[in-house]
Amino acid sequence: MKQSYPTLAKLSKPFEAALDAVIVVDEQDHVVYANQAACRITGFPLDEILGQSSWACVPPHAREAHLKAIEEHKAKKAFGIMRGSSVLKRADGKEFEIEYTAAPLLIDRRKLVVIMFHDVSETKRLAREVGALTEVASHAAFAGSLKATLDKLAETVVTATGTVACVVCLMAENLEDLVVIGRHGLPEGPEAQARWAEAVRRGAKMPNTDSVRVKKPLIHHAARQKLLDDPLYEPMHPILQNATWDTVVSVPMIYRDQAIGALNVFYARGKEPGEAEIGFLTTIANQAAVAAENARLFEQVREKAILEERQRLARELHDSVSQALYGIALGARTARELLNREPAQAAEPLDYVLSLAEAGLAEMRALIFELHPEALETEGLVAALTKQIESARVRHSLEVHADWCGEPELPYEVKEAIYRIAQEALNNITKHARARRVDIRMQCSSDEVTLEVRDDGTGFAEESFPGHLGLRSMRERAKKIGGTLDVESAPSQGTCVRVRIPYVMPASQTAASASEPAN
(Lines give C-alpha, C1' and ligand atoms only; values in the text may rest on other atoms or scores of the structure.)
Protein backbone atom coordinates (compact mmCIF):
# COMPACT_ATOMS: atom_id res chain seq x y z
CA MET A 1 0.00 0.00 0.00
CA LYS A 2 2.78 2.34 0.86
CA GLN A 3 4.39 1.87 -2.54
CA SER A 4 1.18 2.23 -4.56
CA TYR A 5 -0.56 4.87 -2.43
CA PRO A 6 2.02 6.87 -0.44
CA THR A 7 -0.48 9.65 0.31
CA LEU A 8 -3.06 7.14 1.59
CA ALA A 9 -0.51 5.69 3.98
CA LYS A 10 -0.17 9.11 5.60
CA LEU A 11 -3.90 9.92 5.63
CA SER A 12 -4.90 6.55 7.08
CA LYS A 13 -3.18 7.00 10.46
CA PRO A 14 -6.25 8.57 12.16
CA PHE A 15 -8.32 5.58 11.03
CA GLU A 16 -6.28 3.15 13.12
CA ALA A 17 -7.81 4.46 16.38
CA ALA A 18 -11.38 4.51 15.02
CA LEU A 19 -14.02 2.23 16.56
CA ASP A 20 -15.81 1.97 13.22
CA ALA A 21 -14.44 -0.24 10.47
CA VAL A 22 -12.73 1.66 7.63
CA ILE A 23 -11.76 0.16 4.29
CA VAL A 24 -10.58 1.79 1.07
CA VAL A 25 -11.31 0.16 -2.30
CA ASP A 26 -9.91 0.92 -5.76
CA GLU A 27 -11.68 1.14 -9.11
CA GLN A 28 -11.62 -2.67 -9.45
CA ASP A 29 -13.42 -3.00 -6.08
CA HIS A 30 -10.30 -4.45 -4.42
CA VAL A 31 -9.56 -3.54 -0.82
CA VAL A 32 -6.32 -1.53 -0.60
CA TYR A 33 -6.63 -0.52 3.05
CA ALA A 34 -8.41 -1.81 6.19
CA ASN A 35 -8.04 -0.67 9.78
CA GLN A 36 -7.97 -2.85 12.90
CA ALA A 37 -11.69 -2.31 13.58
CA ALA A 38 -12.47 -3.82 10.16
CA CYS A 39 -10.50 -6.92 11.12
CA ARG A 40 -12.21 -7.12 14.51
CA ILE A 41 -15.75 -6.65 13.18
CA THR A 42 -15.42 -9.06 10.24
CA GLY A 43 -13.20 -11.60 11.99
CA PHE A 44 -10.71 -11.71 9.10
CA PRO A 45 -6.98 -11.02 9.57
CA LEU A 46 -5.57 -8.07 7.65
CA ASP A 47 -3.73 -10.18 5.07
CA GLU A 48 -7.01 -11.92 4.13
CA ILE A 49 -8.79 -8.58 3.59
CA LEU A 50 -6.20 -6.67 1.56
CA GLY A 51 -6.36 -7.43 -2.15
CA GLN A 52 -9.74 -9.15 -1.86
CA SER A 53 -12.91 -7.96 -3.58
CA SER A 54 -14.98 -5.65 -1.44
CA TRP A 55 -17.95 -7.90 -2.32
CA ALA A 56 -16.34 -11.01 -0.83
CA CYS A 57 -18.02 -10.48 2.55
CA VAL A 58 -21.41 -9.58 1.08
CA PRO A 59 -23.68 -12.67 0.99
CA PRO A 60 -25.43 -13.30 -2.35
CA HIS A 61 -28.91 -12.50 -1.04
CA ALA A 62 -27.77 -8.98 -0.02
CA ARG A 63 -25.84 -8.10 -3.18
CA GLU A 64 -28.84 -7.33 -5.38
CA ALA A 65 -30.26 -4.79 -2.92
CA HIS A 66 -26.82 -3.22 -2.44
CA LEU A 67 -26.19 -2.91 -6.19
CA LYS A 68 -29.62 -1.40 -6.63
CA ALA A 69 -28.86 1.20 -3.96
CA ILE A 70 -25.59 2.10 -5.75
CA GLU A 71 -27.37 2.45 -9.10
CA GLU A 72 -30.05 4.67 -7.55
CA HIS A 73 -27.31 6.79 -5.99
CA LYS A 74 -25.59 7.19 -9.34
CA ALA A 75 -28.89 7.96 -11.11
CA LYS A 76 -29.38 10.90 -8.78
CA LYS A 77 -25.93 12.13 -9.91
CA ALA A 78 -25.11 12.32 -6.23
CA PHE A 79 -21.42 11.63 -6.58
CA GLY A 80 -20.74 12.63 -2.99
CA ILE A 81 -21.37 10.72 0.21
CA MET A 82 -23.61 7.63 0.12
CA ARG A 83 -25.21 6.18 3.24
CA GLY A 84 -27.15 2.96 3.70
CA SER A 85 -27.41 -0.41 5.36
CA SER A 86 -26.46 -3.90 4.26
CA VAL A 87 -25.48 -7.36 5.46
CA LEU A 88 -21.96 -8.85 5.70
CA LYS A 89 -20.68 -12.31 6.49
CA ARG A 90 -18.03 -12.84 9.17
CA ALA A 91 -15.12 -15.23 8.92
CA ASP A 92 -17.14 -17.81 10.92
CA GLY A 93 -19.95 -17.65 8.34
CA LYS A 94 -22.42 -15.76 10.51
CA GLU A 95 -24.16 -12.78 8.95
CA PHE A 96 -24.52 -9.39 10.61
CA GLU A 97 -26.14 -6.09 9.73
CA ILE A 98 -24.18 -2.91 9.14
CA GLU A 99 -24.76 0.75 8.49
CA TYR A 100 -22.20 2.33 6.21
CA THR A 101 -21.02 5.63 4.77
CA ALA A 102 -19.12 5.67 1.47
CA ALA A 103 -17.28 8.67 0.01
CA PRO A 104 -15.12 9.08 -3.11
CA LEU A 105 -11.44 9.97 -2.80
CA LEU A 106 -8.88 11.11 -5.37
CA ILE A 107 -5.44 10.12 -4.07
CA ASP A 108 -2.22 9.91 -6.02
CA ARG A 109 -4.26 10.51 -9.20
CA ARG A 110 -6.37 7.46 -8.57
CA LYS A 111 -10.09 7.21 -7.83
CA LEU A 112 -10.75 5.41 -4.57
CA VAL A 113 -13.73 4.97 -2.27
CA VAL A 114 -13.47 5.04 1.50
CA ILE A 115 -16.16 3.01 3.29
CA MET A 116 -16.83 3.33 7.01
CA PHE A 117 -19.23 0.87 8.65
CA HIS A 118 -20.27 -0.46 12.04
CA ASP A 119 -22.17 -3.48 13.30
CA VAL A 120 -25.82 -2.65 14.10
CA SER A 121 -27.06 -6.25 14.45
CA GLU A 122 -27.64 -5.99 18.18
CA THR A 123 -29.27 -2.57 17.96
CA LYS A 124 -31.60 -3.64 15.18
CA ARG A 125 -32.34 -6.95 16.84
CA LEU A 126 -33.38 -5.16 20.02
CA ALA A 127 -35.50 -2.70 18.03
CA ARG A 128 -37.23 -5.55 16.17
CA GLU A 129 -37.82 -7.46 19.38
CA VAL A 130 -39.23 -4.44 21.20
CA GLY A 131 -41.54 -3.79 18.25
CA ALA A 132 -42.54 -7.44 18.12
CA LEU A 133 -43.23 -7.59 21.86
CA THR A 134 -45.37 -4.46 21.62
CA GLU A 135 -47.36 -5.95 18.75
CA VAL A 136 -47.71 -9.33 20.45
CA ALA A 137 -48.85 -7.70 23.68
CA SER A 138 -51.59 -5.89 21.77
CA HIS A 139 -52.81 -9.21 20.36
CA ALA A 140 -52.53 -11.03 23.69
CA ALA A 141 -55.58 -9.15 24.98
CA PHE A 142 -57.58 -11.19 22.45
CA ALA A 143 -60.80 -9.85 21.01
CA GLY A 144 -61.83 -12.43 18.45
CA SER A 145 -60.56 -15.56 16.70
CA LEU A 146 -57.79 -17.44 18.49
CA LYS A 147 -56.45 -18.71 15.15
CA ALA A 148 -56.25 -15.18 13.74
CA THR A 149 -54.51 -14.00 16.92
CA LEU A 150 -51.91 -16.78 16.87
CA ASP A 151 -51.43 -16.51 13.08
CA LYS A 152 -50.52 -12.86 13.56
CA LEU A 153 -48.24 -13.71 16.47
CA ALA A 154 -46.43 -16.31 14.30
CA GLU A 155 -46.01 -13.75 11.52
CA THR A 156 -44.59 -11.25 14.00
CA VAL A 157 -42.01 -13.80 15.21
CA VAL A 158 -40.86 -14.56 11.64
CA THR A 159 -40.55 -10.85 10.84
CA ALA A 160 -38.62 -10.08 14.03
CA THR A 161 -36.19 -13.01 13.81
CA GLY A 162 -35.75 -13.34 10.05
CA THR A 163 -36.58 -17.04 10.29
CA VAL A 164 -38.35 -19.25 7.74
CA ALA A 165 -41.52 -20.08 9.64
CA CYS A 166 -43.25 -20.20 12.99
CA VAL A 167 -45.96 -22.55 14.28
CA VAL A 168 -47.96 -22.08 17.49
CA CYS A 169 -49.35 -25.31 18.97
CA LEU A 170 -51.69 -25.92 21.90
CA MET A 171 -52.18 -29.05 23.95
CA ALA A 172 -55.00 -31.30 22.77
CA GLU A 173 -57.77 -32.39 25.10
CA ASN A 174 -55.89 -35.62 25.87
CA LEU A 175 -53.06 -33.45 27.28
CA GLU A 176 -50.53 -35.50 25.29
CA ASP A 177 -50.63 -34.31 21.68
CA LEU A 178 -50.08 -30.85 20.24
CA VAL A 179 -52.48 -29.26 17.77
CA VAL A 180 -51.43 -26.53 15.34
CA ILE A 181 -53.51 -23.38 15.86
CA GLY A 182 -51.40 -20.53 14.42
CA ARG A 183 -48.76 -20.60 11.69
CA HIS A 184 -46.79 -18.48 9.25
CA GLY A 185 -44.34 -19.49 6.54
CA LEU A 186 -45.23 -23.19 6.20
CA PRO A 187 -47.29 -24.72 3.37
CA GLU A 188 -51.04 -24.60 3.92
CA GLY A 189 -54.07 -25.66 1.98
CA PRO A 190 -55.96 -28.90 1.28
CA GLU A 191 -52.94 -30.85 0.00
CA ALA A 192 -50.77 -30.10 3.03
CA GLN A 193 -53.67 -30.88 5.37
CA ALA A 194 -54.39 -34.17 3.59
CA ARG A 195 -50.75 -35.22 3.75
CA TRP A 196 -50.53 -34.43 7.45
CA ALA A 197 -53.81 -36.25 8.14
CA GLU A 198 -52.43 -39.35 6.41
CA ALA A 199 -49.20 -39.13 8.44
CA VAL A 200 -51.24 -38.91 11.65
CA ARG A 201 -53.29 -41.91 10.55
CA ARG A 202 -50.03 -43.83 10.25
CA GLY A 203 -49.05 -42.89 13.78
CA ALA A 204 -47.10 -39.64 13.29
CA LYS A 205 -47.40 -37.00 15.97
CA MET A 206 -46.55 -33.34 16.10
CA PRO A 207 -42.73 -33.31 16.53
CA ASN A 208 -40.80 -31.24 19.03
CA THR A 209 -43.16 -31.89 21.97
CA ASP A 210 -40.37 -32.52 24.47
CA SER A 211 -40.15 -28.82 25.31
CA VAL A 212 -43.68 -28.98 26.72
CA ARG A 213 -42.82 -31.99 28.85
CA VAL A 214 -39.59 -30.53 30.29
CA LYS A 215 -40.90 -26.91 30.32
CA LYS A 216 -37.78 -25.41 28.76
CA PRO A 217 -36.63 -24.37 25.29
CA LEU A 218 -35.02 -27.08 23.16
CA ILE A 219 -33.01 -26.78 19.94
CA HIS A 220 -33.61 -29.60 17.45
CA HIS A 221 -30.71 -29.84 15.02
CA ALA A 222 -31.24 -31.46 11.60
CA ALA A 223 -34.96 -31.69 12.39
CA ARG A 224 -35.96 -31.77 8.73
CA GLN A 225 -33.65 -34.69 7.93
CA LYS A 226 -34.90 -36.66 10.93
CA LEU A 227 -38.47 -36.36 9.66
CA LEU A 228 -37.34 -37.39 6.17
CA ASP A 229 -35.71 -40.49 7.69
CA ASP A 230 -38.87 -41.43 9.62
CA PRO A 231 -41.29 -43.61 7.58
CA LEU A 232 -44.26 -42.42 9.66
CA TYR A 233 -43.88 -38.98 8.06
CA GLU A 234 -43.59 -40.37 4.51
CA PRO A 235 -46.75 -38.51 3.31
CA MET A 236 -45.04 -35.25 4.30
CA HIS A 237 -41.74 -36.05 2.55
CA PRO A 238 -42.53 -34.23 -0.74
CA ILE A 239 -43.12 -31.04 1.22
CA LEU A 240 -40.12 -31.58 3.51
CA GLN A 241 -37.77 -32.17 0.58
CA ASN A 242 -38.42 -28.65 -0.70
CA ALA A 243 -38.22 -26.99 2.72
CA THR A 244 -35.46 -24.42 3.31
CA TRP A 245 -35.33 -24.85 7.08
CA ASP A 246 -33.24 -27.27 9.09
CA THR A 247 -33.01 -26.35 12.78
CA VAL A 248 -36.20 -26.01 14.83
CA VAL A 249 -36.37 -24.26 18.19
CA SER A 250 -39.28 -25.33 20.37
CA VAL A 251 -40.21 -23.07 23.28
CA PRO A 252 -42.92 -24.09 25.78
CA MET A 253 -45.85 -21.74 26.35
CA ILE A 254 -46.15 -21.42 30.12
CA TYR A 255 -49.21 -20.05 31.91
CA ARG A 256 -49.27 -20.18 35.71
CA ASP A 257 -46.51 -22.78 35.72
CA GLN A 258 -48.45 -25.03 33.32
CA ALA A 259 -47.20 -25.80 29.80
CA ILE A 260 -50.22 -25.31 27.56
CA GLY A 261 -48.48 -25.45 24.18
CA ALA A 262 -45.30 -24.71 22.25
CA LEU A 263 -43.88 -22.04 19.96
CA ASN A 264 -41.87 -23.71 17.18
CA VAL A 265 -39.53 -21.52 15.13
CA PHE A 266 -37.91 -22.83 11.93
CA TYR A 267 -34.39 -21.59 11.06
CA ALA A 268 -32.83 -21.61 7.60
CA ARG A 269 -30.00 -24.03 6.97
CA GLY A 270 -26.79 -22.83 8.54
CA LYS A 271 -28.56 -20.54 11.01
CA GLU A 272 -29.17 -21.05 14.70
CA PRO A 273 -30.43 -18.76 17.48
CA GLY A 274 -28.20 -17.18 20.08
CA GLU A 275 -28.90 -17.05 23.78
CA ALA A 276 -30.49 -13.58 23.52
CA GLU A 277 -32.86 -14.75 20.79
CA ILE A 278 -33.91 -17.78 22.86
CA GLY A 279 -34.80 -15.35 25.65
CA PHE A 280 -36.84 -13.28 23.22
CA LEU A 281 -38.72 -16.35 21.96
CA THR A 282 -39.43 -17.38 25.55
CA THR A 283 -41.04 -14.01 26.20
CA ILE A 284 -43.09 -14.33 23.01
CA ALA A 285 -44.17 -17.87 23.98
CA ASN A 286 -45.39 -16.63 27.34
CA GLN A 287 -47.36 -13.87 25.63
CA ALA A 288 -48.86 -16.49 23.33
CA ALA A 289 -49.88 -18.47 26.41
CA VAL A 290 -51.66 -15.39 27.76
CA ALA A 291 -53.46 -14.95 24.43
CA ALA A 292 -54.56 -18.59 24.45
CA GLU A 293 -55.79 -18.38 28.04
CA ASN A 294 -57.63 -15.13 27.31
CA ALA A 295 -59.29 -16.87 24.38
CA ARG A 296 -60.41 -19.71 26.63
CA LEU A 297 -61.83 -17.28 29.19
CA PHE A 298 -63.46 -15.26 26.42
CA GLU A 299 -65.14 -18.40 25.09
CA GLN A 300 -66.34 -19.26 28.59
CA VAL A 301 -67.88 -15.81 29.00
CA ARG A 302 -69.45 -16.02 25.55
CA GLU A 303 -70.96 -19.42 26.28
CA LYS A 304 -72.23 -18.18 29.63
CA ALA A 305 -73.80 -15.14 27.95
CA ILE A 306 -75.50 -17.42 25.39
CA LEU A 307 -76.80 -19.66 28.22
CA GLU A 308 -78.08 -16.64 30.15
CA GLU A 309 -79.82 -15.37 27.00
CA ARG A 310 -81.45 -18.76 26.40
CA GLN A 311 -82.62 -18.91 30.01
CA ARG A 312 -84.04 -15.40 29.77
CA LEU A 313 -85.92 -16.27 26.57
CA ALA A 314 -87.22 -19.43 28.22
CA ARG A 315 -88.53 -17.35 31.12
CA GLU A 316 -90.06 -14.85 28.70
CA LEU A 317 -91.82 -17.65 26.79
CA HIS A 318 -93.05 -19.19 30.01
CA ASP A 319 -94.22 -15.91 31.56
CA SER A 320 -95.92 -14.55 28.46
CA VAL A 321 -96.48 -16.73 25.41
CA SER A 322 -97.09 -20.05 27.22
CA GLN A 323 -99.48 -18.30 29.62
CA ALA A 324 -101.30 -16.75 26.66
CA LEU A 325 -101.57 -20.14 24.96
CA TYR A 326 -102.95 -21.67 28.17
CA GLY A 327 -105.55 -18.85 28.35
CA ILE A 328 -106.46 -19.36 24.70
CA ALA A 329 -107.02 -23.08 25.27
CA LEU A 330 -109.11 -22.37 28.37
CA GLY A 331 -111.20 -19.69 26.58
CA ALA A 332 -111.71 -21.89 23.51
CA ARG A 333 -112.92 -24.78 25.70
CA THR A 334 -115.35 -22.49 27.50
CA ALA A 335 -116.68 -21.11 24.19
CA ARG A 336 -117.20 -24.62 22.83
CA GLU A 337 -119.21 -25.64 25.89
CA LEU A 338 -121.34 -22.49 25.61
CA LEU A 339 -122.01 -23.09 21.91
CA ASN A 340 -123.93 -26.26 22.85
CA ARG A 341 -125.81 -24.75 25.80
CA GLU A 342 -126.02 -20.97 25.35
CA PRO A 343 -124.58 -19.91 21.95
CA ALA A 344 -125.28 -16.21 22.57
CA GLN A 345 -122.87 -16.17 25.54
CA ALA A 346 -119.98 -17.72 23.54
CA ALA A 347 -118.99 -14.32 22.14
CA GLU A 348 -117.34 -13.19 25.42
CA PRO A 349 -114.86 -16.10 25.74
CA LEU A 350 -114.14 -15.87 21.98
CA ASP A 351 -113.27 -12.18 22.37
CA TYR A 352 -111.04 -13.21 25.27
CA VAL A 353 -109.33 -15.80 23.02
CA LEU A 354 -108.79 -13.19 20.31
CA SER A 355 -107.27 -10.71 22.73
CA LEU A 356 -104.91 -13.36 24.14
CA ALA A 357 -103.93 -14.44 20.62
CA GLU A 358 -103.12 -10.85 19.65
CA ALA A 359 -101.14 -10.36 22.86
CA GLY A 360 -99.26 -13.62 22.30
CA LEU A 361 -98.51 -12.66 18.70
CA ALA A 362 -97.16 -9.27 19.82
CA GLU A 363 -95.04 -10.99 22.47
CA MET A 364 -93.62 -13.46 19.96
CA ARG A 365 -92.79 -10.65 17.53
CA ALA A 366 -91.00 -8.82 20.31
CA LEU A 367 -88.98 -11.90 21.25
CA ILE A 368 -88.08 -12.59 17.61
CA PHE A 369 -87.00 -8.95 17.23
CA GLU A 370 -84.76 -9.34 20.29
CA LEU A 371 -83.15 -12.40 18.75
CA HIS A 372 -82.57 -10.75 15.38
CA PRO A 373 -83.35 -7.03 15.21
CA GLU A 374 -83.83 -6.56 11.46
CA ALA A 375 -84.36 -2.82 11.93
CA LEU A 376 -80.76 -2.53 13.15
CA GLU A 377 -79.44 -3.67 9.78
CA THR A 378 -82.03 -2.02 7.54
CA GLU A 379 -82.89 1.20 9.41
CA GLY A 380 -80.02 1.79 11.80
CA LEU A 381 -79.25 1.86 15.53
CA VAL A 382 -81.64 4.68 16.47
CA ALA A 383 -84.59 2.95 14.76
CA ALA A 384 -83.79 -0.39 16.39
CA LEU A 385 -83.49 1.18 19.84
CA THR A 386 -86.75 3.07 19.30
CA LYS A 387 -88.56 -0.20 18.51
CA GLN A 388 -86.99 -1.81 21.57
CA ILE A 389 -88.27 1.04 23.69
CA GLU A 390 -91.78 0.76 22.21
CA SER A 391 -91.77 -2.94 23.07
CA ALA A 392 -90.79 -2.18 26.68
CA ARG A 393 -93.54 0.43 26.92
CA VAL A 394 -96.24 -1.93 25.65
CA ARG A 395 -95.13 -5.11 27.40
CA HIS A 396 -94.16 -3.66 30.78
CA SER A 397 -96.11 -0.36 30.99
CA LEU A 398 -92.88 1.59 31.46
CA GLU A 399 -92.62 5.33 31.01
CA VAL A 400 -89.62 5.59 28.70
CA HIS A 401 -88.08 8.86 27.50
CA ALA A 402 -85.44 8.83 24.76
CA ASP A 403 -83.01 11.46 23.53
CA TRP A 404 -80.98 10.61 20.43
CA CYS A 405 -78.13 12.22 18.52
CA GLY A 406 -77.99 11.56 14.79
CA GLU A 407 -77.44 8.03 13.50
CA PRO A 408 -73.75 7.26 14.32
CA GLU A 409 -71.57 6.03 11.45
CA LEU A 410 -70.35 2.87 13.14
CA PRO A 411 -69.69 -0.66 11.83
CA TYR A 412 -72.65 -3.01 12.13
CA GLU A 413 -70.98 -5.17 14.81
CA VAL A 414 -70.43 -2.07 16.98
CA LYS A 415 -74.04 -0.97 16.56
CA GLU A 416 -75.21 -4.48 17.44
CA ALA A 417 -73.08 -4.48 20.60
CA ILE A 418 -74.55 -1.11 21.66
CA TYR A 419 -78.05 -2.40 20.92
CA ARG A 420 -77.49 -5.57 22.97
CA ILE A 421 -76.15 -3.57 25.91
CA ALA A 422 -79.25 -1.34 25.85
CA GLN A 423 -81.43 -4.46 25.53
CA GLU A 424 -79.77 -6.09 28.54
CA ALA A 425 -80.08 -2.90 30.59
CA LEU A 426 -83.83 -2.69 29.80
CA ASN A 427 -84.26 -6.38 30.67
CA ASN A 428 -82.60 -5.78 34.04
CA ILE A 429 -84.92 -2.85 34.69
CA THR A 430 -88.10 -4.77 33.84
CA LYS A 431 -87.06 -7.84 35.83
CA HIS A 432 -85.37 -6.40 38.90
CA ALA A 433 -85.57 -2.62 39.26
CA ARG A 434 -89.34 -2.10 39.81
CA ALA A 435 -88.87 1.20 38.02
CA ARG A 436 -91.61 3.50 36.76
CA ARG A 437 -89.51 5.73 34.51
CA VAL A 438 -86.52 5.06 32.25
CA ASP A 439 -84.44 7.69 30.45
CA ILE A 440 -82.29 6.59 27.50
CA ARG A 441 -79.86 9.03 25.96
CA MET A 442 -77.32 8.66 23.16
CA GLN A 443 -74.72 11.37 22.54
CA CYS A 444 -72.35 11.58 19.54
CA SER A 445 -69.22 13.71 19.87
CA SER A 446 -66.14 13.98 17.70
CA ASP A 447 -64.34 11.26 19.63
CA GLU A 448 -66.94 8.92 21.14
CA VAL A 449 -70.52 7.67 21.24
CA THR A 450 -72.11 7.50 24.68
CA LEU A 451 -75.26 5.53 25.51
CA GLU A 452 -76.84 6.06 28.93
CA VAL A 453 -79.75 4.06 30.38
CA ARG A 454 -81.06 5.46 33.68
CA ASP A 455 -83.99 4.25 35.81
CA ASP A 456 -85.70 5.35 39.04
CA GLY A 457 -85.90 1.82 40.45
CA THR A 458 -84.69 0.16 43.63
CA GLY A 459 -80.99 0.27 42.78
CA PHE A 460 -78.31 -1.65 44.68
CA ALA A 461 -75.01 -1.09 46.48
CA GLU A 462 -72.18 -0.52 43.97
CA GLU A 463 -69.74 -2.66 45.97
CA SER A 464 -71.98 -5.70 45.48
CA PHE A 465 -73.07 -5.63 41.84
CA PRO A 466 -75.29 -8.67 41.37
CA GLY A 467 -73.69 -11.08 38.91
CA HIS A 468 -77.06 -12.32 37.65
CA LEU A 469 -77.91 -8.93 36.17
CA GLY A 470 -75.76 -9.55 33.12
CA LEU A 471 -73.35 -6.74 34.00
CA ARG A 472 -70.39 -8.92 33.14
CA SER A 473 -71.73 -9.74 29.69
CA MET A 474 -72.43 -6.04 29.06
CA ARG A 475 -68.86 -5.16 30.05
CA GLU A 476 -67.50 -7.91 27.80
CA ARG A 477 -69.54 -6.58 24.87
CA ALA A 478 -68.23 -3.06 25.47
CA LYS A 479 -64.63 -4.27 25.82
CA LYS A 480 -64.85 -6.30 22.62
CA ILE A 481 -65.59 -3.16 20.57
CA GLY A 482 -62.96 -1.09 22.38
CA GLY A 483 -65.36 0.68 24.74
CA THR A 484 -65.94 0.94 28.48
CA LEU A 485 -69.03 0.39 30.60
CA ASP A 486 -69.73 2.05 33.95
CA VAL A 487 -72.56 1.37 36.38
CA GLU A 488 -73.74 3.85 38.99
CA SER A 489 -76.28 2.72 41.57
CA ALA A 490 -77.35 3.02 45.17
CA PRO A 491 -80.21 1.51 47.19
CA SER A 492 -83.49 3.33 46.45
CA GLN A 493 -81.64 5.70 44.09
CA GLY A 494 -82.04 3.86 40.80
CA THR A 495 -79.31 2.72 38.41
CA CYS A 496 -77.41 4.29 35.51
CA VAL A 497 -75.62 2.16 32.91
CA ARG A 498 -73.27 4.19 30.70
CA VAL A 499 -71.26 2.79 27.77
CA ARG A 500 -68.63 4.84 25.91
CA ILE A 501 -67.36 3.78 22.48
CA PRO A 502 -64.35 5.58 20.89
CA TYR A 503 -65.51 7.12 17.64
CA VAL A 504 -64.40 9.72 15.10
CA MET A 505 -67.47 11.28 13.50
CA PRO A 506 -67.34 13.29 10.27
CA ALA A 507 -67.34 17.02 10.99
CA SER A 508 -70.51 17.53 8.95
CA GLN A 509 -72.42 15.05 11.06
CA THR A 510 -71.06 16.49 14.30
CA ALA A 511 -72.43 19.89 13.34
CA ALA A 512 -75.74 18.44 12.24
CA SER A 513 -76.23 16.24 15.30
CA ALA A 514 -79.05 17.43 17.48
CA SER A 515 -81.09 15.98 20.27
CA GLU A 516 -84.39 14.68 18.90
CA PRO A 517 -86.58 13.36 21.72
CA ALA A 518 -88.48 10.19 20.83
CA ASN A 519 -91.82 10.43 22.49
# chains A, B, ... in the order shown; residues from 1 in each chain; ligands from 1
>>> residues_around(residues="Cys39 of chain A", least_positions_apart="3", cutoff="12 Å", atoms="only C-alpha atoms", output="PyMOL selection string")
chain A and resi 16+19-23+33-36+42-50+57+90-91+117-118
>>> residues_around(residues="segment 436-446 of chain A", least_positions_apart="4", cutoff="6 Å", atoms="only C-alpha atoms", output="list in words")
Leu398, Glu399, Val400, His401, Ala402, Asp403, Trp404, Cys405, Thr450, Leu451, Glu452, Val453, Arg454, Asp455, Asp456, Val504 and Met505 of chain A
>>> select_by_dssp(residues="segment 216-461 of chain A", states="alpha helix (DSSP H)", output="MDAnalysis selection string")
chainID A and resid 223:229 237:241 275:316 322:341 347:371 374:378 381:396 412:428
>>> closest_residue(among="A:Gly459, A:Gly483, A:Gly279, A:Pro408", to="Val251 of chain A", atoms="only C-alpha atoms")
A:Gly279
>>> closest_residue(among="A:Gly270, A:Gly84, A:Pro190, A:Gly185", to="His221 of chain A", atoms="only C-alpha atoms")
A:Gly270
>>> residues_around(residues="segment 417-423 of chain A", least_positions_apart="2", cutoff="10 Å", atoms="only C-alpha atoms", output="PyMOL selection string")
chain A and resi 370-371+373+376+381-382+384-385+388-389+392+412-415+425-429+440+449-453+470-471+473-481+483+485+497-501
>>> closest_residue(among="A:Phe280, A:Phe460, A:Phe15, A:Tyr352", to="Ala160 of chain A", atoms="only C-alpha atoms")
A:Phe280
>>> atom_distance(atom1="atom CA of Val24 of chain A", atom2="atom CA of Ser86 of chain A")
17.2 Å
>>> closest_residue(among="A:Ala17, A:Val168, A:Val290, A:Ala357", to="Ile254 of chain A", atoms="only C-alpha atoms")
A:Val290
>>> residues_around(residues="segment 196-201 of chain A", least_positions_apart="2", cutoff="7 Å", atoms="only C-alpha atoms", output="PyMOL selection string")
chain A and resi 192-194+203-205+232-236
>>> atom_distance(atom1="atom CA of Ala433 of chain A", atom2="atom CA of Gly457 of chain A")
4.6 Å
>>> atom_distance(atom1="atom CA of Ser250 of chain A", atom2="atom CA of Arg213 of chain A")
11.3 Å
